[in-house]
Every structure is written in structure tokens, then in C-alpha cells.
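As C-alpha cells, the structure follows; a few thoughts come after it.
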Amino acid sequence: MKSNGLKERVMIKLYNTLTRRKDEFKPMDGSDTVRMYSCGPTVYNYAHIGNLRTYIFMDELRRVLKYEGYKIKGVMNITDVGHLMSDGDTGEDKMEKSAREQNKDPYEIAAYYTDIFMRDFEKLHIDKPETICKATDHINEMIDYVVGLIGKGYGYETGDGIYYDVSKFKDYGMLSGNSLDDLQAGARIEVNDEKRNPYDFALWKKAPKEHIMQWPSPWGQGYPGWHIECSTMSRKYLGDVFDIHTGGVDHIPIHHENEIAQSEGLTGKNPAKFWIHGDFMLVDGGKMSKSLGNTYTIAQLEERGYSPMVFRLFCLNTHYRKKLNFTFETMDAVKVSYERLCAQILKHKNGENKISDEKLAEYKKQFKEDICDDLNIPSALGVLFTMLKEPASKDIYNLAVDFDRVFGLGLKDLKEEKADIPEDIVKIADEMQNARKVKDWAVADKLRAELTEKGYIVKNTKDGYEISKK
């Protein structure tokens, strides 16, 4: 283990999609800075809870690295052009389609949904990457990238754009485990008969005159392909090779496969040492679908009475590499669990019991081992919940707040909430207490029953009484 100031680092092991195993993680340049790229949103609509699960996983990874003393140089893109409706480079640009449907300018659409997305980040306590870059701000760099690929024999021109020739890249499919021969054998009939291979993908699309988002290029007016955006921006801000690339498992077979092909085509190097992916979120055991009306947003969950922290805890309860099944029944259970957690934290905040240094050290040791074992956050939560069963202690509170640097549940900011008790309820409670003082038990019991019927509980204390809602 490497010394890190006042503490010892635990070896971090992360599952690498590229090697298909858990590998020991260390920054590639031997420094304390981790260079990390994360695929960001296409801002044509609201981010749904499945999208946001991926960013919570990204956030957990960042938090674990920071907890172990690393600095992060993180980059996340905002796709505001170039993401077509089909992965086969057909259909409309998602930004254009959304703009037409909403009768707005695509830049207005992008600005609006980017703002909502960033607000969701704040609600969910997702730590924003250090650099957030928009595709439309990097068009010239993308054009240069495409020119470079053409110069190296990987790009070719057709009537509708510039395509990447996957047959020229012998390792195509390395990330997904699909060989090019397998892909070709299972390929559907080509929509574009000018493509050399069915799996060739667009680097640049030529735009019709009515297309709003277009820029001049050596091949006429057009706009970038989706995949070239990430390759260009990751290279600009992080260099030819960086430490970690994150995203959802849906990105593996096409988007990330194409990123690798582009990067190696231009630089001769795989852009990332670690490719790390979060699994899908299901809804009621099935796929999320707009047609089924189950692509819920954070705002919609809030309308149903679930705080963003309840959703975050819901996500943390399942390992990022496992499918997560969303149901409102489960959310109800997590809501209760979260409320109990908050109550326990507040109980310990003012606790006077002392916990031995040995026991505290054991809790922390287990916590660190869990989080460093491929982000085993569910197991680390188990350490927290076990620890909170200890007698009320400020020591436990302080350690829980320390652990929350990883969990991100805002435990340090919890405040005791005193319910607003109506005056008539207080009046009845006062009368009940007066009856008790003169030992008029019949009246006292009658008033207590009245309070219970109205939904309130009175608890006697040494200083008088406390009223709470049932």
C-alpha cells in the first residue's frame, strides 16, 4: 500500500470491460491525478431515471477515488448535435427532431434540457466533472479529426457523408467481444449501398439545405457524427490516452467500439486504460419505453413524494454492474429505510456514548475494503447500517459523515424537523396534561383518544410532553 498523508490507501480494483476482469487501478502516469472521461447526455429531452443511474455510478466512482486521496480531472460531453435516431446512421438528428416537434430552435432545446439535467445533478448530489464540454463548441476540432482519419486511410466519402471503414481496423469488436466477421455475418441489408461495409459508421454527415444545424467543411455543409464527438473532446482535454472511460452498457457494442476504432485509427492507441460500464435499469421487470410511459424523471418521482435522496439510496443498494429493477413498491421500502437512516444519524449526532478506537477502526477498514472492491457500495452501506446500531455516540456520527463522502446522501446536513402542530391540537394536549396533574385519568384518557383519532401521539417526557404525527 502506498502512503497517502495521514492514511493508507487500499488497493482499488475495478472491473475493466476491455480485459473482462477486475484489475488493480493506478493512474497511468504514476501521479495522484485520475484522468476520466464520461459520456454525457444528448440534450433533446429530459433525462430519465435509467440515464441518471449511470451518472450516479460515475459519481460513486469519482467519490471513491477522492476518498482514497486521488484528484480527478474529469470531462463530460454534452451532445447537442449529431446523435441520429438510429445507431445505423439513419433517421433525423435527435436535436432537430425535438426542435421541430416543440417548434423551437435546436439551441434553445439544448440550453433548456442541459439546464434541467444539471439541476438533476444538484438534486442527486452528483459531483459535476471538472470540464463539461458541448459538441457544438468543438466542430473545427472534429473536422480536423476526420481529415486525419481520411489521411490515414480509415475514412472515405459517400454521397451523404464521410464514413469510417471498419475493415481497416483489425481489432474492431475488442470491447464487446464481437469479431468483425461475426458482425458482418449477422448484418442486415445495408440502407446505404455506398457504404463499403454494413458496420461502417458516419464520421461526418452532409446536411440538406433545410437542416438547421450545419457547418462548412471540406465536404460541403454538414454536421458531425455522434461517435467522433467523444473521441475529439476526450483527446483535446485528456490527451491520446487517459485512465478511465465510463458509460452505460448500451454504449459498449456501438458507441464505445467506434470510439476505440477512431482513436486507434488516428493515434495508434486505445484511448482509455479502463473502460467501466454501469448496467441497465428495468421498470417492473421490463425495459423502459416512452410508449409504455415508464421513463420516469426525477421531477416525476418528486411529485409522487420521493425525494432525490431516496432515489439515490435506491441506486446505491444495487451494485452498478447488476441490473436494477425499479418498482414503486421498492421505492416505498427505500423511503422508509432512508427516513430510519436519517433518524439514526440524528440520534447519534448528540449521543454521549464512547465507542472504542479499535471498533471504529474496524468499521472503517471494512468500509474501505468494500468501496475499493469494484465499488461494492451495497456492502459498504451494510457497514453503515450495522454501525448505527451502536449506542448513541458522536463518534459513530462523525464516522457516518466521513463515509457519506462516498455515499453522497447529505447526512452532514440533516436537521431535526419539528412538525407544525395545529393550535387546537396543542390545546387538547395541554388539557390532557392538566388532567393528568390532578389525576383525573378518565378525562386524560378521553383527551388522549381524541388526539389519536386526529392522528397525533403524545409522549410524556421529564420536561412535559412531545406531540408528533402518527
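If you're wondering about the labels, chains in the C-alpha cells are A, B, ... by order shown, residues count from 1 in each chain, ligands from 1 in order shown.
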
For the alpha helix (DSSP H) assignment from backbone DSSP, which residues of region 215-360 of chain A qualify? Please present them as a JSON list (two decimals) with C-alpha atoms, in the first residue's frame.
[["chain", "number", "residue", "atom", "x", "y", "z"],
["A", 226, "TRP", "CA", -22.10, 11.22, -32.73],
["A", 227, "HIS", "CA", -19.06, 9.00, -32.13],
["A", 228, "ILE", "CA", -16.47, 11.47, -33.39],
["A", 229, "GLU", "CA", -17.56, 13.98, -30.75],
["A", 230, "CYS", "CA", -16.37, 11.91, -27.79],
["A", 231, "SER", "CA", -13.09, 10.92, -29.46],
["A", 232, "THR", "CA", -12.35, 14.54, -30.28],
["A", 233, "MET", "CA", -13.21, 16.06, -26.93],
["A", 234, "SER", "CA", -11.62, 13.36, -24.77],
["A", 235, "ARG", "CA", -8.40, 13.75, -26.75],
["A", 236, "LYS", "CA", -8.48, 17.55, -26.51],
["A", 237, "TYR", "CA", -8.89, 17.67, -22.74],
["A", 238, "LEU", "CA", -7.23, 14.43, -21.59],
["A", 257, "GLU", "CA", -16.47, 0.33, -30.01],
["A", 258, "ASN", "CA", -16.49, 3.13, -32.58],
["A", 259, "GLU", "CA", -14.63, 5.50, -30.26],
["A", 260, "ILE", "CA", -11.81, 2.97, -29.93],
["A", 261, "ALA", "CA", -11.68, 2.43, -33.69],
["A", 262, "GLN", "CA", -11.47, 6.19, -34.33],
["A", 263, "SER", "CA", -8.85, 6.83, -31.66],
["A", 264, "GLU", "CA", -6.61, 3.93, -32.62],
["A", 265, "GLY", "CA", -7.06, 4.84, -36.27],
["A", 266, "LEU", "CA", -5.71, 8.33, -35.62],
["A", 267, "THR", "CA", -3.25, 7.86, -32.76],
["A", 298, "ILE", "CA", -36.65, 12.93, -11.04],
["A", 299, "ALA", "CA", -39.32, 15.64, -11.13],
["A", 300, "GLN", "CA", -42.00, 12.95, -11.57],
["A", 301, "LEU", "CA", -40.63, 10.99, -8.61],
["A", 302, "GLU", "CA", -40.71, 14.15, -6.51],
["A", 303, "GLU", "CA", -44.36, 14.68, -7.48],
["A", 308, "PRO", "CA", -33.94, 12.66, -4.84],
["A", 309, "MET", "CA", -32.01, 11.16, -1.90],
["A", 310, "VAL", "CA", -34.46, 8.27, -1.74],
["A", 311, "PHE", "CA", -33.77, 7.56, -5.42],
["A", 312, "ARG", "CA", -30.01, 7.84, -4.84],
["A", 313, "LEU", "CA", -30.20, 5.36, -1.94],
["A", 314, "PHE", "CA", -32.32, 3.10, -4.14],
["A", 315, "CYS", "CA", -29.50, 3.08, -6.71],
["A", 316, "LEU", "CA", -26.76, 2.56, -4.12],
["A", 328, "PHE", "CA", -42.81, 1.91, -6.73],
["A", 329, "GLU", "CA", -43.17, -0.81, -4.07],
["A", 330, "THR", "CA", -39.39, -0.91, -3.73],
["A", 331, "MET", "CA", -39.22, 2.88, -3.68],
["A", 332, "ASP", "CA", -41.73, 2.88, -0.82],
["A", 333, "ALA", "CA", -39.50, 0.49, 1.12],
["A", 334, "VAL", "CA", -36.38, 2.56, 0.40],
["A", 335, "LYS", "CA", -38.22, 5.70, 1.51],
["A", 336, "VAL", "CA", -38.88, 4.10, 4.89],
["A", 337, "SER", "CA", -35.26, 2.93, 5.06],
["A", 338, "TYR", "CA", -34.00, 6.42, 4.26],
["A", 339, "GLU", "CA", -36.20, 8.00, 6.94],
["A", 340, "ARG", "CA", -34.93, 5.49, 9.51],
["A", 341, "LEU", "CA", -31.37, 6.20, 8.42],
["A", 342, "CYS", "CA", -31.87, 9.93, 8.94],
["A", 343, "ALA", "CA", -33.42, 9.35, 12.37],
["A", 344, "GLN", "CA", -30.50, 7.15, 13.40],
["A", 345, "ILE", "CA", -27.95, 9.69, 12.20],
["A", 346, "LEU", "CA", -29.64, 12.43, 14.22],
["A", 347, "LYS", "CA", -29.79, 10.16, 17.27],
["A", 348, "HIS", "CA", -26.02, 9.67, 17.10],
["A", 349, "LYS", "CA", -25.35, 13.35, 16.42],
["A", 357, "ASP", "CA", -10.96, 3.38, 18.68],
["A", 358, "GLU", "CA", -10.49, -0.30, 17.82],
["A", 359, "LYS", "CA", -14.15, -0.77, 16.91],
["A", 360, "LEU", "CA", -14.23, 2.45, 14.87]]

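Here the DSSP assignment of strand (DSSP E or B), based on backbone atoms, applies within region 201-312 of chain A to Phe201, Ala202, Leu203, Trp204, Lys205, Lys206, Trp215, Gly222, Tyr223, Pro224, Phe242, Asp243, Ile244, His245, Thr246, Gly247, Gly248, Ala272, Lys273, Phe274, Trp275, Ile276, His277, Gly278, Met281, Leu282, Val283 and Gly286 of chain A.
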
May I have the residues from that selection written out with N, CA and C atoms, as a CSV table (one decimal), in the first residue's frame?
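Written file, again-v8.csv:
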chain,number,residue,atom,x,y,z
A,201,PHE,N,-19.4,3.4,-40.0
A,201,PHE,CA,-20.3,4.4,-39.3
A,201,PHE,C,-19.9,5.8,-39.7
A,202,ALA,N,-20.8,6.7,-39.5
A,202,ALA,CA,-20.6,8.1,-40.0
A,202,ALA,C,-19.6,8.9,-39.1
A,203,LEU,N,-18.7,9.5,-39.8
A,203,LEU,CA,-17.8,10.5,-39.1
A,203,LEU,C,-18.4,11.9,-39.3
A,204,TRP,N,-18.9,12.1,-40.5
A,204,TRP,CA,-19.5,13.5,-40.8
A,204,TRP,C,-20.7,13.2,-41.8
A,205,LYS,N,-21.8,13.9,-41.5
A,205,LYS,CA,-23.0,13.8,-42.4
A,205,LYS,C,-23.2,15.1,-43.2
A,206,LYS,N,-23.4,14.9,-44.5
A,206,LYS,CA,-23.7,16.1,-45.3
A,206,LYS,C,-25.2,16.5,-45.0
A,215,TRP,N,-22.5,23.1,-40.6
A,215,TRP,CA,-21.3,23.9,-40.6
A,215,TRP,C,-20.5,23.6,-41.9
A,222,GLY,N,-22.4,20.5,-43.4
A,222,GLY,CA,-22.8,19.2,-42.7
A,222,GLY,C,-22.7,19.4,-41.2
A,223,TYR,N,-22.7,18.2,-40.6
A,223,TYR,CA,-22.6,18.2,-39.1
A,223,TYR,C,-21.9,16.9,-38.7
A,224,PRO,N,-21.3,16.8,-37.5
A,224,PRO,CA,-20.5,15.6,-37.1
A,224,PRO,C,-21.4,14.4,-36.8
A,242,PHE,N,-5.9,8.2,-21.6
A,242,PHE,CA,-6.3,8.6,-20.3
A,242,PHE,C,-6.6,7.4,-19.4
A,243,ASP,N,-7.0,7.6,-18.2
A,243,ASP,CA,-7.1,6.5,-17.2
A,243,ASP,C,-8.4,5.7,-17.4
A,244,ILE,N,-9.5,6.4,-17.4
A,244,ILE,CA,-10.9,5.8,-17.3
A,244,ILE,C,-11.8,6.4,-18.2
A,245,HIS,N,-12.6,5.5,-18.9
A,245,HIS,CA,-13.8,6.0,-19.7
A,245,HIS,C,-15.0,5.3,-19.1
A,246,THR,N,-16.1,6.0,-18.8
A,246,THR,CA,-17.3,5.5,-18.2
A,246,THR,C,-18.5,5.7,-19.1
A,247,GLY,N,-19.5,4.9,-18.9
A,247,GLY,CA,-20.7,5.0,-19.6
A,247,GLY,C,-21.7,3.8,-19.3
A,248,GLY,N,-22.8,3.8,-20.0
A,248,GLY,CA,-23.7,2.7,-19.7
A,248,GLY,C,-23.4,1.5,-20.6
A,272,ALA,N,-8.4,4.7,-23.6
A,272,ALA,CA,-8.6,4.5,-22.1
A,272,ALA,C,-8.0,3.2,-21.7
A,273,LYS,N,-7.3,3.2,-20.5
A,273,LYS,CA,-6.8,2.0,-19.9
A,273,LYS,C,-7.9,1.2,-19.3
A,274,PHE,N,-8.9,1.9,-18.7
A,274,PHE,CA,-10.1,1.2,-18.1
A,274,PHE,C,-11.4,1.7,-18.8
A,275,TRP,N,-12.2,0.8,-19.2
A,275,TRP,CA,-13.5,1.0,-19.7
A,275,TRP,C,-14.5,0.5,-18.7
A,276,ILE,N,-15.3,1.3,-18.1
A,276,ILE,CA,-16.1,0.9,-17.0
A,276,ILE,C,-17.6,1.2,-17.3
A,277,HIS,N,-18.5,0.3,-17.1
A,277,HIS,CA,-19.8,0.4,-17.6
A,277,HIS,C,-20.8,0.0,-16.5
A,278,GLY,N,-21.9,0.9,-16.4
A,278,GLY,CA,-23.0,0.6,-15.5
A,278,GLY,C,-24.1,-0.2,-16.2
A,281,MET,N,-31.2,-0.2,-16.0
A,281,MET,CA,-32.3,-0.1,-15.1
A,281,MET,C,-33.6,-0.6,-15.8
A,282,LEU,N,-34.2,-1.6,-15.2
A,282,LEU,CA,-35.5,-2.1,-15.6
A,282,LEU,C,-36.6,-1.4,-14.9
A,283,VAL,N,-37.8,-1.4,-15.4
A,283,VAL,CA,-39.0,-0.9,-14.7
A,283,VAL,C,-40.0,-2.0,-14.7
A,286,GLY,N,-39.2,-5.0,-16.8
A,286,GLY,CA,-39.1,-4.9,-18.2
A,286,GLY,C,-38.3,-3.6,-18.6

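Atom pair CA of Tyr465 (chain A) / CA of Asn353 (chain A) has a distance of 24.8 Å (rounded to one decimal).
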
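Between CA of Asn140 (chain A) and CA of Ile116 (chain A) the interatomic distance comes to 27.6 Å.
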
Excluding Leu149 (chain A) and residues on its chain fewer than 3 positions from it, collect all residues at most 9 Å away from it, counting only C-alpha atoms, and give them as number ranges by chain.
-> A: 144-146, 152-156, 164, 262, 265-266

Hey, what's within 9 Å of Ile212 (chain A) if we count only C-alpha atoms and toss same-chain stuff fewer than 6 positions away? As JSON, numbers by chain, please?
-> {"A": [96, 105, 106]}

Keeping C-alpha atoms for every residue in the selection just given, could you write it to a file as a JSON list (two decimals), in the first residue's frame?
[["chain", "number", "residue", "atom", "x", "y", "z"],
["A", 96, "GLU", "CA", -33.51, 18.65, -34.94],
["A", 105, "ASP", "CA", -34.67, 26.44, -32.20],
["A", 106, "PRO", "CA", -32.36, 23.41, -31.53]]

CA of Pro216 (chain A) to CA of Tyr44 (chain A): how many Å, to one decimal?
->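 Separation between CA of Pro216 (chain A) and CA of Tyr44 (chain A): 23.4 Å.
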
With the cut-off set at 9 Å and counting only C-alpha atoms, tabulate each residue of region 347-405 of chain A with an atom at most that distance from an atom of region 49-71 of chain A, showing the nearest atom pair and its distance in Å to one decimal, ordered by chain and increasing number, as JSON lines.
{"residue": "A:Lys368", "atom": "CA", "partner": "A:Glu68", "partner_atom": "CA", "distance": 8.6}
{"residue": "A:Ile371", "atom": "CA", "partner": "A:Val64", "partner_atom": "CA", "distance": 6.6}
{"residue": "A:Cys372", "atom": "CA", "partner": "A:Val64", "partner_atom": "CA", "distance": 7.2}
{"residue": "A:Asp374", "atom": "CA", "partner": "A:Leu61", "partner_atom": "CA", "distance": 9.0}
{"residue": "A:Leu375", "atom": "CA", "partner": "A:Leu61", "partner_atom": "CA", "distance": 6.9}
{"residue": "A:Ile377", "atom": "CA", "partner": "A:Glu60", "partner_atom": "CA", "distance": 8.3}
{"residue": "A:Phe403", "atom": "CA", "partner": "A:Tyr67", "partner_atom": "CA", "distance": 8.9}
{"residue": "A:Arg405", "atom": "CA", "partner": "A:Arg63", "partner_atom": "CA", "distance": 6.7}

Writing out the chosen residues with C-alpha atoms as a short mmCIF file (atom, residue, chain, number, x, y, z; two decimals), in the first residue's frame:
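File again.cif, as written:
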data_model
loop_
_atom_site.label_atom_id
_atom_site.label_comp_id
_atom_site.auth_asym_id
_atom_site.auth_seq_id
_atom_site.Cartn_x
_atom_site.Cartn_y
_atom_site.Cartn_z
CA LYS A 368 -12.68 0.91 2.66
CA ILE A 371 -15.68 0.52 -1.70
CA CYS A 372 -12.30 -0.35 -3.19
CA ASP A 374 -15.06 -2.65 -7.61
CA LEU A 375 -17.30 -0.09 -5.85
CA ILE A 377 -21.38 0.20 -2.32
CA PHE A 403 -18.49 7.53 4.96
CA ARG A 405 -18.20 11.43 1.35
#
